[in-house]
Amino acid sequence: MTIKSQITAQARKEGEHGSTSKSDPARRGSSSEQTLLTGSVQRQSAFGGSGITPSASQVLQLQRTIGNQATAKLLTSRMDARTVVQRTPAIIQREDTLPDPVKDVQVNPLLNLIQSQRQQISDLQRSKEVSSDDQEALEQCFKKLTTLYIQMGQTDNPMALWESFIIWTENSAWSGGGSEYWEAFTRLANASDAKKEKEKEKDEEKKGGAKSWSPECDAVFDDMNDQYGRWNGKLKTRGAWWGSAQPGSTTGAKNVPSEVIKELKKRVGGTGWRFSDSFSGGISFHKTRGGVDFIYHMLPPN
């Protein structure tokens with residue numbers, strides 16, 4: 001109900017229930033005037049105007065003023081809420097590099113092998129017993145291994161490079177391969193290792209000490225012989241791995257630690273086992289039966 005309607009209703013109510021009868025105009029006028037004057041004072045206080053009845057524009061202005069104030073308060077409260085409540089986005093942490101099983105299991109042992117072979121070549125080149133032809137072969141192998149080491153650390157497919165290197169070691173030097181170079185290196189390296197081993201054995205004999213191997217070396221060597229003994233002599237099952245259940249099975253295959261491989265290279269002397277790193281399966285030990293090689297791999301299959 002508007003203010004104007006309230007005032008009109010009040011005036012009618014007082015006219016109907018006043019002490020003076022409706023037939024007395026003087027009395028009725030006096031009462032109505034008093035009521036209107038009272039309303040006028042109230043309206044003056046509310047609107048600041050001098051009229052008895054507020055105009056429609058005054059009522060509308062009051063409504064707008066009240067509405068604007070309420071809207072301003074609402075906006076202010078919302079702005080305060082946004083200012084006080086600040087949400088911090090969750091920070092997602094990411095690893096710069098994710099673990100690469102292929103690199104950890106296959107590539108790193110090969111890189112260690114390459115480094116050890118480069119060191120062997122450097123040691124052999126310092127020997128005065130090496131001929132000039134062998135020196136040239138060693139230099140070719142050293143360059144090849146150096147290039148291979150750098151490329152394997154940069155490429156996304158290091159095993160393809162390793163396979164290419166294996167082909168190089170098995171092909172003729174005259175056709176672009178390096179078998180003559182590589183054969184010279186392996187021949188000199190094996191002779192050097194055998195010489196060092198004999199000297200070490202002589203020293204141990206003098207000291208009266210017995211040769212001992214690590215528990216890991218004993219475990220792998222025993223498994224090599226056990227799986228070789230269970231091999232049926234067929235090509236299909238001639239491969240074995242440390243951790244695999246039986247010859248020809250790759251289930252559970254895992255790599256042999258590089259330190260154990262070094263021990264095995266010494267331990268297999270005179271047992272029929274031969275160390276080889278020139279097969280596509282990577283570094284391994286071979287033992288022949290009926291013209292077929294049984295291969296015990298030092299690395300898991302690709």
# chains A, B, ... in the order shown; residues from 1 in each chain; ligands from 1
$ residues_around --residues "segment 111-119 of chain A" --least-positions-apart "6" --cutoff "8 Å" --atoms "only C-alpha atoms" --output "VMD selection string"
chain A and resid 142 145 to 146 149 152 258
$ select_by_dssp --residues "segment 133-296 of chain A" --states "strand (DSSP E or B)" --output "ChimeraX atom specification"
/A:239-241,274-276,284-289,292-296
$ residues_around --residues "segment 262-274 of chain A" --least-positions-apart "5" --cutoff "10 Å" --atoms "only C-alpha atoms" --output "MDAnalysis selection string"
chainID A and resid 193:194 197 211:214 216:218 220:221 224:225 257 284:288 294:296
$ residues_around --residues "Thr169 of chain A" --least-positions-apart "3" --cutoff "7 Å" --atoms "only C-alpha atoms" --output "ChimeraX atom specification"
/A:165-166,177-179,182,278
$ atom_distance --atom1 "atom CA of Tyr181 of chain A" --atom2 "atom CA of Gln135 of chain A"
9.6 Å
$ select_by_dssp --residues "segment 114-287 of chain A" --states "helix (DSSP H, G or I)" --output "number ranges by chain"
A: 114-125, 132-152, 158-170, 173-175, 179-207, 215-230, 235-237, 258-267
$ closest_residue --among "A:Trp174, A:Arg187, A:Lys128, A:Val107" --to "Gly153 of chain A" --atoms "only C-alpha atoms"
A:Val107
